[in-house]
Every structure is written in structure tokens, then in C-alpha cells.
Amino acid sequence: MLTIFAAAVLASLASVQGESDTTIAVPAGASLTVNNFGGAIVVHAWTQNRVKVHAEHGSRGRIEVSLVGNTVTVKASSRMGAPSVVDFEITVPQNMPLTLSGTYTEIQVDGVKGPISAETVDGSIEVSGGSGNITLHSIQGSVTLADATGRIEVNSVNEDVALSNVSGQIKAETTNGDVTLTGVKSPSVEATTINGDVVYEGTITDGGTYTFNSHNGDITVSVAEGANVTISVATANGDIDASFPLPLQRTDRGHRYTFKLGTGSARMEAESFQGDINLRRPTEIRERMQHRDKNRNHEEN
Amino acid sequence: MNDQWTDRLSEYVDGELAAGERTALEAHLTTCAHCRATLEELRKVVARGKSLEDRPPRADLWSGIHARLTPGRRPAGSPLGRPGVIRSRRFSFNVPQLIAASIALVLLSAGGMWVALNQPQRQDGQLIPAVWTGRADAAIADLQDALTHNESRLDTATVRVVRENLALIDRAISQARIALNADPGNAYLNLHLADTMRRKLELLRRVNAIATAQS
């Protein structure tokens with residue numbers, strides 16, 4: 001049956017004004033590719049080997065769902081004129097690899113356990129779940145990732161990047177925004193921004209490498225008691241501050257200072273040109289983040 | 001501040017010191033903060049080099065680069081050349097050269113391939129930032145020209161956001177340059193400037209790729 005699916009091309013053209021639904025059975029190991037010029041791509045997971053595509057679109061919108069080989073492709077196009085705006089809600093098998101892209105597109109993924117690639121120009125990306133290669137890129141929107149594991153590369157240009165409860169190799173980057181990493185279990189973390197703060201609350205694994213860099217913002221990093229890490233800190237115009245004793249005699253500006261905690265087997269680099277370098281215990285950062293979230297919720301309400 | 005061990009640190013990192021020298025250097029390291037800091041820089045350079053992605057060069061660049069990288073290669077059958085044998089070459093670097101190499105690696109990873117063909121110049125063991133940043137500036141200028149050509153394919157709001165972020169990076173580069181001019185030998189400032197310029201190259205490259213894809 002699977003070979004029949006693999007060889008077949010299933011095309012579903014739905015042009016009903018307003019909304020359309022398409023459900024197709026997929027072979028094990030199938031992947032999903034969605035391209036949507038404008039609107040939303042929302043992906044949920046279920047335990048069935050079927051892909052369900054619900055689309056809401058204008059009268060000129062044209063939705064194409066096809067299975068070619070092992071790839072389900074979902075496209076939105078317009079019969080005439082400007083590309084249409086479509087809101088997709090797609091339900092996929094839990095382990096299905098996803099490749100999602102758009103221009104003016106908000107992307108949300110929830111509950112998927114496979115690799116995820118998501119890219120948009122003007123829209124946020126919000127992902128919960130995922131494993132393997134996870135790459136999330138937005139130019140104008142924020143990017144958040146939670147409860148994921150694997151080789152993670154997340155970046156924005158003009159908004160914040162936030163990762164929580166993630167593990168694996170992690171690279172997070174933005175230009176004009178904060179990078180916040182909490183609940184991280186990783187031997188390899190790189191977090192950088194030009195104009196924003198970097199916060200890291202997570203483990204420091206023996207032999208691991210951790211790089212935190214900002215130009216205009218503060219770097220706040222958790223260092224658990226008993227961590228074995230060689231820490232290199234540098235700031236041109238900021239201060240270096242730790243909530244625990246450091247084997248550091250002086251903190252002249254403009255230079256890098258290196259010191260060893262425990263065996264020093266992990267390597268951490270924390271640098272900011274204009275901002276401060278703050279070394280804190282994990283509980284201090286968690287409390288600070290809870291306090292910040294509480295304040296944000298209060299402001300929003 | 002240099003001492004007799006400073007220029008031996010790269011050999012130490014590479015595990016090339018004799019046992020006696022290694023022991024003596026390790027004893028020296030316990031008392032010399034300058035050498036410890038320099039050693040950290042070297043290890044950082046090595047780690048950074050290892051972490052770079054292995055991106056293939058563009059096909060149209062490679063033939064010229066290959067020819068320039070192997071200028072003395074003789075044709076098979078010539079008196080000094082053995083056909084099918086590629087001699088391994090051994091390189092040794094001092095500390096400023098390694099810092100220069102790290103800057104070149106950073107730029108290479110962002111597309112400044114030609115930087116590798118000209119080693120950053122030094123005077124009295126110090127990097128001359130104006131030299132290598134000049135080359136990076138040229139690469140950035142090329143990508144900015146491409147963006148000017150391509151930006152009509154992008155939404156005006158996206159163009160505005162990109163330009164604002166490029167201006168943000170430019171300010172960071174300018175501040176790093178001023179600091180570096182006052183302290184040219186500062187390894188942190190050298191690497192920070194190189195990293196910031198790499199960020200600009202990457203942003204330009206990414207936006208150009210998006211604009212091209214939308215054509």
C-alpha cells in the first residue's frame with residue numbers, strides 16, 4: 001500500500017470560497033512542506049498516519065495538497081493578481097519532518113516530535129516540540145522554541161529570540177532584540193545579539209562550550225555551584241559582576257579576564273562591548289525570569 | 001608584554017613542545033597572567049576555527065583561488081614534481097598571526113573568501129585593523145550594492161527594518177573601530193569587530209537571498 005502511495009501523486013484542488021478541508025493518508029517517514037505567501041501556518045500533531053489540511057482563504061485562493069514520493073506538499077496560490085492570504089491549520093503524524101515557509105506568515109507548531117524548518121520574513125515563529133535538526137528564522141518577527149531537543153538554530157533580526165526547556169546543540173541569534181535561554185541542557189550553546197540582552201539559565205556540561213555575546217546589552221549567565229568551567233569575560237565599557245566569589249582580582253574595562261572554577265573543563269565566553277557581564281546562580285535567574293513574566297502578564301492585563 | 005614563552009604557546013597548544021619545555025611552560029603559566037590570557041586566546045582561535053561550517057566555495061571563484069593557492073605546483077613529470085603526489089605542508093604561526101587567522105576565518109565563513117589570499121599585515125607584532133577591515137568593507141560594499149539592486153523585490157517595511165538593523169550594526173562597528181584604534185593589540189576588540197562585521201555580512205547575504213528568491 002505504501003509503495004502505491006509513494007508512486008502516486010495525489011492532488012487536491014480546493015477553490016471553495018472561505019474554507020477547505022483535505023485529508024490524505026501518508027506513508028511512514030513522510031515529510032511535509034508548506035509554502036504560504038501570507039497568513040498563517042498552524043501545525044498540530046496526532047497519532048494517525050494522515051495529514052489533515054484545513055485552509056481559510058479568499059475567493060481567488062487556490063490550495064494544492066499533493067503527495068509525491070514521501071513528501072506532502074501544501075501550497076497556496078492565487079488564480080489572478082496578488083498572492084492570496086491563507087490561514088492553514090494542519091494536523092500531521094507526530095514524527096513528521098516539517099519544512100514551513102512564508103513571507104507575511106505567522107508560524108505555529110505544537111506537539112511535533114520530528115525535525116522542523118520554519119522561515120518567514122514578516123511574522124513570528126512559535127514552536128513547541130521537535131527533535132533533530134530544528135531551524136527557525138524570521139526577519140521581522142520574534143522566534144520562540146520550547147520543549148525541543150536536537151541541533152537547534154534559531155534566529156531573528158528585529159525581534160527577541162527565546163528558548164526554554166531545550167537540549168542539544170544550540171545557536172540563537174538576533175540583531176535587535178534579546179536572546180533568552182532558560183531550562184537549557186546542552187554541551188554547546190552560542191547566543192548573540194547586537195542590541196539586546198542575553199540571558200542563559202541552564203547546565204554547564206563538563207567539556208562543553210558556551211558563547212554569549214552582545215554589543216549593547218547585558219549578559220546574564222547562570223553558573224551552578226560546583227560547575228567545572230573556565231570562564232572568559234570581557235567588556236569594553238561595562239562592569240563584571242558576580243553574586244558569588246570569583247578568582248578575579250580586578251576588572252579593568254577593555255580587557256578579557258579568564259578564570260577557572262572546579263576543574264575548568266567546560267569553556268564559557270561572555271562578552272559585551274557596552275553592557276555588563278553578570279554571573280549568577282541558576283535560582284537567581286529563574287526568580288528574575290518569573291518576576292519578569294509576572295510583570296509582563298500584569299502589564300498585558 | 002611578551003616574554004620568552006609567548007611565541008611558544010602555539011606549539012604548546014599543538015602539543016609540539018618537548019616534555020621538558022612543556023613542564024617549564026606549565027610552571028611559567030602558573031605565575032604569568034599574560035601568558036595564561038594569551039593561551040586562552042589561542043584555544044579560542046582553534047575552537048572557533050573548528051566550529052566553522054565547511055561551506056564549499058562558489059564554483060566561479062574556485063578555479064582562480066585554487067590557482068593562487070598553488071602557484072608553485074609543477075606539472076606532473078617535471079624534474080622536481082612527482083605525479084600524483086601532493087606534499088603535505090607544515091605551517092607555524094605566532095600569536096598575532098593566529099589572531100589574524102581567526103579574523104580571516106570569521107570573514108571566510110561569511111563569504112569573504114579572498115581574505116585568505118592576503119594575510120593581515122602587522123607592524124611590530126600588532127595587527128593593523130585598517131588593513132583587514134578594509135577588505136571586509138569591500139565585501140560588505142559588494143553585498144550592499146547587491147541589496148540596493150534587489151531591494152525593490154522586498155516589501156518597503158522589510159527594507160526599512162533591514163536598513164535600520166544594518167545601521168544598528170554600523171554603529172556597533174564604528175564604536176568597535178574607535179575602541180580598537182585606541183588599543184590595536186586588544187584581542188577582544190579585534191575579535192568583536194570581526195564578529196560584528198561578520199554579522200553584517202550574514203544579514204546582507206540573507207536578505208539578498210530572500211530578495212532573489214522572491215523574484
# chains A, B, ... in the order shown; residues from 1 in each chain; ligands from 1
$ interface_residues --of "chain B" --to "chain A" --cutoff "7 Å" --atoms "only C-alpha atoms" --output "number ranges by chain"
B: 37, 165, 169, 172, 188
$ write_last_selection --atoms "N, CA and C atoms" --output "short mmCIF file (atom, residue, chain, number, x, y, z; two decimals), in the first residue's frame"
data_model
loop_
_atom_site.label_atom_id
_atom_site.label_comp_id
_atom_site.auth_asym_id
_atom_site.auth_seq_id
_atom_site.Cartn_x
_atom_site.Cartn_y
_atom_site.Cartn_z
N ALA B 37 46.37 34.36 29.65
CA ALA B 37 45.34 35.01 28.83
C ALA B 37 45.60 34.76 27.35
N ASN B 165 18.39 47.84 10.90
CA ASN B 165 19.28 46.89 11.57
C ASN B 165 20.71 46.98 11.03
N ILE B 169 24.05 47.81 13.25
CA ILE B 169 25.33 47.10 13.17
C ILE B 169 26.45 48.08 12.81
N ALA B 172 27.59 49.79 15.82
CA ALA B 172 28.42 48.88 16.64
C ALA B 172 29.82 48.75 16.05
N TYR B 188 40.29 41.02 22.29
CA TYR B 188 38.83 41.04 22.40
C TYR B 188 38.24 42.01 21.38
#
$ residues_around --residues "range 285-292 of chain A" --least-positions-apart "6" --cutoff "9 Å" --atoms "only C-alpha atoms" --output "ChimeraX atom specification"
/A:182-183,199-201,220-222
$ closest_residue --among "B:Asn186, B:Arg205, B:Gln214, B:Arg160" --to "Ala141 in chain B" --atoms "only C-alpha atoms"
B:Arg205
$ residues_around --residues "His54 in chain A" --least-positions-apart "3" --cutoff "6 Å" --atoms "only C-alpha atoms" --output "PyMOL selection string"
chain A and resi 20-21+88-89
$ write_last_selection --atoms "C-alpha atoms" --output "compact mmCIF listing (two decimals), in the first residue's frame"
# COMPACT_ATOMS: atom_id res chain seq x y z
CA SER A 20 -11.49 23.95 2.50
CA ASP A 21 -10.50 20.63 4.08
CA PHE A 88 -3.68 26.94 7.30
CA GLU A 89 -4.39 24.62 10.19
$ residues_around --residues "Gln169 in chain A" --least-positions-apart "2" --cutoff "10 Å" --atoms "only C-alpha atoms" --output "list in words"
Gly132, Asn133, Thr149, Gly150, Arg151, Ile152, Glu153, Val166, Ser167, Lys171, Lys185, Ser186, Pro187, Ser188, Val189, Glu190 and Thr209 of chain A
$ residues_around --residues "range 36-44 of chain A" --least-positions-apart "3" --cutoff "7 Å" --atoms "only C-alpha atoms" --output "MDAnalysis selection string"
chainID A and resid 75:76 83:92 101:112
$ atom_distance --atom1 "CA of Val68 in chain A" --atom2 "CA of Gln48 in chain A"
19.2 Å
